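The structure appears right after this line, and notes come after that.
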Amino acid sequence: MTPLLLAPLLFAQATAPIGPPAPPPSQRYEKCLDLATNNPTLAEAEAGQWQLAGGGFLAGQCLGMAYANEQRWPAAATAFDAAARAAEKAGDGRAVNYWAQAGNAWLASGDATKARAALDAALAGGSLSGLPLGEAHLDRARAMVAGGDLDGARDDLDRALAEVPEDPLAWLLSATLARRQSQIVRAQHDIAEALRRGSDDPAVQLEAGNIAAFAKDEAGARAAWQQAVTLRPDSAAGKAAAAALLQFTAKP
């Protein structure tokens with residue numbers, strides 16, 4: 001049987017300005033984050049003004065959030081990096097969270113080396129727990145895969161699964177890694193877990209088809225790939241699944 005193909009500063013003023021007192025840092029921070037979500041452009045201006053007024057790492061982290069919500073990933077990563085370094089210098093424990101955000105943004109920008117360095121710093125702090133810890137391990141695994149360290153990625157993925165066992169993305173990435181390492185039983189188990197939690201995700205269905213194809217299960221591959229196309233034909237996963245299905249049109 002023919003093997004199935006896988007889917008591919010301002011100057012200081014002499015006198016204090018007349019006007020209401022500045023809001024406390026926590027209140028200004030919440031306002032800035034709200035803007036970062038609802039009006040990132042205004043958040044950039046607010047964060048910049050706050051930085052000039054001594055907002056420190058809180059203003060810097062808000063700036064990173066504004067950039068992230070605009071998908072300006074290199075700018076977001078740079079802002080989170082700066083916030084993390086400033087928080088570390090101040091002895092503030094929130095530095096680990098900013099390192100984790102920097103790592104995620106570096107991943108989104110395509111720089112796996114900087115992502116891994118930031119995530120190493122986040123995890124080295126030892127204070128992340130629960131969901132943030134799981135997400136940091138998950139992101140570091142992605143950085144390791146991009147860097148070709150599959151064994152290191154497996155260790156981080158297993159740690160992520162222990163912290164966020166209900167996250168379909170963790171199971172999906174674990175299944176994909178297992179397939180890449182030719183661990184078919186592990187791949188089949190983990191994609192089943194991903195499907196149980198996220199069968200409406202075309203990326204999960206795409207990988208389910210890839211794993212079925214790897215196992216020479218043509219019917220299973222066709223069904224999963226077709227489901228990925230049905231769910232979101234214009235998504236990257238849907239398009240990849242449609243391309244994979246073309247191999248069957250040449251068969252009688």
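Note on naming: chains are A, B, ... as they come in the structure tokens, residues start from 1 per chain, ligands start from 1 in the order shown.
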field: Exercise: segment 212-215 of chain A partners within 12 Å, only C-alpha atoms, chain neighbours under 4 positions left out, as an MDAnalysis selection string
entry: chainID A and resid 1:7 175:176 178:189 191:192 205:208 219:225 241 244:245 247
Generate the output file for the selected residues, N, CA and C atoms, as a CSV table (one decimal), in the first residue's frame.
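And here's out.csv as it stands now:
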chain,number,residue,atom,x,y,z
A,1,MET,N,0.8,-1.2,0.0
A,1,MET,CA,0.0,0.0,0.0
A,1,MET,C,0.9,1.2,0.0
A,2,THR,N,0.6,2.2,-0.9
A,2,THR,CA,1.4,3.4,-0.9
A,2,THR,C,1.2,4.2,0.4
A,3,PRO,N,2.4,4.6,1.0
A,3,PRO,CA,2.3,5.4,2.2
A,3,PRO,C,1.5,6.7,2.1
A,4,LEU,N,0.7,7.0,3.1
A,4,LEU,CA,0.0,8.2,3.0
A,4,LEU,C,0.9,9.4,3.2
A,5,LEU,N,0.6,10.5,2.5
A,5,LEU,CA,1.4,11.8,2.7
A,5,LEU,C,0.8,12.6,3.9
A,6,LEU,N,1.7,13.1,4.7
A,6,LEU,CA,1.2,13.9,5.9
A,6,LEU,C,1.0,15.4,5.4
A,7,ALA,N,0.1,16.1,6.1
A,7,ALA,CA,-0.2,17.5,5.8
A,7,ALA,C,1.0,18.4,6.2
A,175,ALA,N,1.1,15.0,21.3
A,175,ALA,CA,0.8,14.0,20.2
A,175,ALA,C,1.7,14.2,19.0
A,176,THR,N,1.8,15.5,18.6
A,176,THR,CA,2.6,15.8,17.4
A,176,THR,C,4.1,15.5,17.6
A,178,ALA,N,5.2,13.2,19.7
A,178,ALA,CA,5.3,11.7,19.7
A,178,ALA,C,5.4,11.2,18.3
A,179,ARG,N,4.5,11.7,17.4
A,179,ARG,CA,4.6,11.3,16.0
A,179,ARG,C,5.9,11.6,15.4
A,180,ARG,N,6.4,12.8,15.6
A,180,ARG,CA,7.7,13.1,15.0
A,180,ARG,C,8.8,12.2,15.6
A,181,GLN,N,8.7,11.7,16.8
A,181,GLN,CA,9.7,10.8,17.3
A,181,GLN,C,9.3,9.3,17.1
A,182,SER,N,8.3,9.1,16.2
A,182,SER,CA,7.9,7.7,15.8
A,182,SER,C,7.4,6.9,17.0
A,183,GLN,N,6.8,7.6,18.0
A,183,GLN,CA,6.2,6.9,19.1
A,183,GLN,C,4.7,6.8,18.9
A,184,ILE,N,4.3,5.9,18.1
A,184,ILE,CA,2.9,5.9,17.6
A,184,ILE,C,1.9,5.6,18.7
A,185,VAL,N,2.2,4.8,19.6
A,185,VAL,CA,1.2,4.5,20.7
A,185,VAL,C,1.0,5.7,21.5
A,186,ARG,N,2.1,6.4,21.9
A,186,ARG,CA,1.9,7.7,22.6
A,186,ARG,C,1.2,8.7,21.8
A,187,ALA,N,1.5,8.8,20.5
A,187,ALA,CA,0.8,9.8,19.7
A,187,ALA,C,-0.7,9.5,19.6
A,188,GLN,N,-1.1,8.2,19.4
A,188,GLN,CA,-2.5,7.9,19.4
A,188,GLN,C,-3.2,8.2,20.7
A,189,HIS,N,-2.6,7.9,21.8
A,189,HIS,CA,-3.2,8.2,23.1
A,189,HIS,C,-3.4,9.6,23.3
A,191,ILE,N,-3.4,12.2,21.1
A,191,ILE,CA,-4.4,12.8,20.2
A,191,ILE,C,-5.8,12.5,20.6
A,192,ALA,N,-6.0,11.3,21.1
A,192,ALA,CA,-7.3,11.0,21.6
A,192,ALA,C,-7.7,11.9,22.8
A,205,GLN,N,-7.9,18.1,14.6
A,205,GLN,CA,-8.4,17.2,13.6
A,205,GLN,C,-7.3,16.9,12.5
A,206,LEU,N,-6.6,18.0,12.2
A,206,LEU,CA,-5.5,17.8,11.2
A,206,LEU,C,-4.5,16.9,11.7
A,207,GLU,N,-4.1,17.0,13.0
A,207,GLU,CA,-3.0,16.1,13.5
A,207,GLU,C,-3.6,14.7,13.7
A,208,ALA,N,-4.9,14.6,14.1
A,208,ALA,CA,-5.5,13.3,14.2
A,208,ALA,C,-5.3,12.6,12.8
A,219,ALA,N,-8.7,5.3,6.3
A,219,ALA,CA,-10.1,5.8,6.6
A,219,ALA,C,-10.1,6.8,7.7
A,220,GLY,N,-9.3,6.5,8.7
A,220,GLY,CA,-9.2,7.4,9.8
A,220,GLY,C,-8.6,8.8,9.4
A,221,ALA,N,-7.6,8.7,8.6
A,221,ALA,CA,-6.9,9.9,8.1
A,221,ALA,C,-7.9,10.8,7.3
A,222,ARG,N,-8.6,10.1,6.4
A,222,ARG,CA,-9.5,10.9,5.5
A,222,ARG,C,-10.6,11.5,6.4
A,223,ALA,N,-11.2,10.8,7.3
A,223,ALA,CA,-12.2,11.3,8.2
A,223,ALA,C,-11.8,12.5,9.0
A,224,ALA,N,-10.6,12.4,9.6
A,224,ALA,CA,-10.1,13.5,10.4
A,224,ALA,C,-9.8,14.7,9.6
A,225,TRP,N,-9.1,14.5,8.4
A,225,TRP,CA,-8.8,15.6,7.6
A,225,TRP,C,-10.1,16.3,7.0
A,241,ALA,N,-5.3,20.4,5.6
A,241,ALA,CA,-6.1,19.1,5.5
A,241,ALA,C,-6.6,18.9,4.1
A,244,ALA,N,-3.9,17.7,2.0
A,244,ALA,CA,-3.7,16.3,2.2
A,244,ALA,C,-4.7,15.4,1.6
A,245,LEU,N,-5.9,15.8,1.5
A,245,LEU,CA,-7.0,15.0,1.0
A,245,LEU,C,-6.8,14.8,-0.5
A,247,GLN,N,-4.4,13.8,-2.2
A,247,GLN,CA,-3.8,12.5,-2.6
A,247,GLN,C,-4.7,11.4,-2.9
message: Excluding Ala194 of chain A and its own-chain neighbours fewer than 2 positions away, which residues fall within 8 Å of it when counting only C-alpha atoms? Please give them as number ranges by chain.
response: A: 167-172, 190-192, 196-199, 204
Atoms kept (N, CA, C and O atoms) for selection, written as an mmCIF file, in the first residue's frame:
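Output file selection.cif is given in full below:
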data_model
loop_
_atom_site.group_PDB
_atom_site.id
_atom_site.type_symbol
_atom_site.label_atom_id
_atom_site.label_comp_id
_atom_site.auth_asym_id
_atom_site.auth_seq_id
_atom_site.Cartn_x
_atom_site.Cartn_y
_atom_site.Cartn_z
ATOM 1 N N ASP A 167 -5.854 21.060 29.096
ATOM 2 C CA ASP A 167 -5.548 21.947 27.972
ATOM 3 C C ASP A 167 -5.385 21.127 26.696
ATOM 4 O O ASP A 167 -4.427 20.367 26.563
ATOM 5 N N PRO A 168 -6.298 21.264 25.746
ATOM 6 C CA PRO A 168 -6.174 20.464 24.525
ATOM 7 C C PRO A 168 -4.909 20.762 23.743
ATOM 8 O O PRO A 168 -4.369 19.878 23.067
ATOM 9 N N LEU A 169 -4.399 22.004 23.817
ATOM 10 C CA LEU A 169 -3.172 22.337 23.093
ATOM 11 C C LEU A 169 -1.992 21.530 23.611
ATOM 12 O O LEU A 169 -1.151 21.074 22.834
ATOM 13 N N ALA A 170 -1.931 21.332 24.922
ATOM 14 C CA ALA A 170 -0.830 20.542 25.495
ATOM 15 C C ALA A 170 -0.875 19.118 24.956
ATOM 16 O O ALA A 170 0.161 18.550 24.577
ATOM 17 N N TRP A 171 -2.058 18.540 24.901
ATOM 18 C CA TRP A 171 -2.174 17.175 24.363
ATOM 19 C C TRP A 171 -1.875 17.139 22.879
ATOM 20 O O TRP A 171 -1.242 16.193 22.382
ATOM 21 N N LEU A 172 -2.314 18.165 22.156
ATOM 22 C CA LEU A 172 -2.045 18.231 20.717
ATOM 23 C C LEU A 172 -0.542 18.291 20.447
ATOM 24 O O LEU A 172 -0.023 17.525 19.616
ATOM 25 N N ASP A 190 -2.329 10.446 22.983
ATOM 26 C CA ASP A 190 -2.392 11.877 23.262
ATOM 27 C C ASP A 190 -3.323 12.617 22.318
ATOM 28 O O ASP A 190 -3.992 13.584 22.720
ATOM 29 N N ILE A 191 -3.424 12.168 21.061
ATOM 30 C CA ILE A 191 -4.367 12.843 20.164
ATOM 31 C C ILE A 191 -5.795 12.506 20.550
ATOM 32 O O ILE A 191 -6.711 13.330 20.397
ATOM 33 N N ALA A 192 -6.011 11.315 21.114
ATOM 34 C CA ALA A 192 -7.349 10.972 21.610
ATOM 35 C C ALA A 192 -7.734 11.895 22.765
ATOM 36 O O ALA A 192 -8.893 12.341 22.878
ATOM 37 N N ARG A 196 -10.782 14.604 22.802
ATOM 38 C CA ARG A 196 -11.792 14.593 23.863
ATOM 39 C C ARG A 196 -12.031 15.996 24.410
ATOM 40 O O ARG A 196 -13.128 16.321 24.843
ATOM 41 N N ARG A 197 -11.017 16.840 24.357
ATOM 42 C CA ARG A 197 -11.112 18.194 24.910
ATOM 43 C C ARG A 197 -11.290 19.280 23.856
ATOM 44 O O ARG A 197 -11.710 20.392 24.192
ATOM 45 N N GLY A 198 -10.962 18.985 22.606
ATOM 46 C CA GLY A 198 -11.016 20.037 21.584
ATOM 47 C C GLY A 198 -11.280 19.499 20.196
ATOM 48 O O GLY A 198 -10.566 19.859 19.251
ATOM 49 N N SER A 199 -12.289 18.681 20.048
ATOM 50 C CA SER A 199 -12.573 18.104 18.735
ATOM 51 C C SER A 199 -13.064 19.137 17.734
ATOM 52 O O SER A 199 -13.110 18.869 16.528
ATOM 53 N N VAL A 204 -6.505 20.197 15.771
ATOM 54 C CA VAL A 204 -6.539 18.885 16.420
ATOM 55 C C VAL A 204 -6.945 17.823 15.406
ATOM 56 O O VAL A 204 -6.353 16.746 15.331
#
- prompt: For Leu107 of chain A, which residue among A:Asp81, A:Asp120, A:Asp234, A:Asp139 is the nearest when counting only C-alpha atoms?
  reply: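 The shortest atom-to-atom distance to Leu107 of chain A comes from A:Asp139.
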- request: Would you please extract all alpha helix (DSSP H) residues from segment 31-115 of chain A, as assigned by DSSP on the backbone, and give them as an MDAnalysis selection string?
  value: chainID A and resid 31:38 40:52 56:69 73:89 95:109 112:115
Point-to-point distance in Å for atom CA of Pro202 of chain A and atom CA of Ala162 of chain A: 24.5 Å
- request: Write out as an NGL selection string which residues come within 10 Å of Gly147 of chain A when counting only C-alpha atoms, dropping same-chain ones fewer than 6 positions away.
  value: :A and (111-113 or 116 or 141 or 153)
- request: For atom CA of Leu157 of chain A and atom CA of Ala228 of chain A, determine how far apart the two atoms are, in Å to one decimal place.
  value: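 Separation between atom CA of Leu157 of chain A and atom CA of Ala228 of chain A: 24.2 Å.
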- request: Provide the atom CA of Ala82 of chain A to atom CA of Arg28 of chain A distance in Å, to one decimal place.
  value: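 Taking atom CA of Ala82 of chain A as the start and atom CA of Arg28 of chain A as the end point, the length is 19.3 Å.
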- prompt: Of the candidates A:Ala108, A:Val164, A:Cys32, A:Ala121, which shows the shortest atom-to-atom distance to Pro74 of chain A, using only C-alpha atoms?
  reply: A:Ala108
Contacts of segment 45-50 of chain A within 6 Å, only C-alpha atoms, excl. fewer than 3 positions in-chain, as a ChimeraX atom specification: /A:42,53,55,59,63
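Among the candidates A:Lys114, A:Phe57, A:Lys239, A:Pro40, the one nearest to Lys89 of chain A when counting only C-alpha atoms is A:Phe57.
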Shell of 12 Å around segment 124-138 of chain A, only C-alpha atoms, local chain residues under 3 positions omitted, as a VMD selection string: chain A and resid 84 88 91 to 105 107 115 to 121 141 to 145 152 to 174
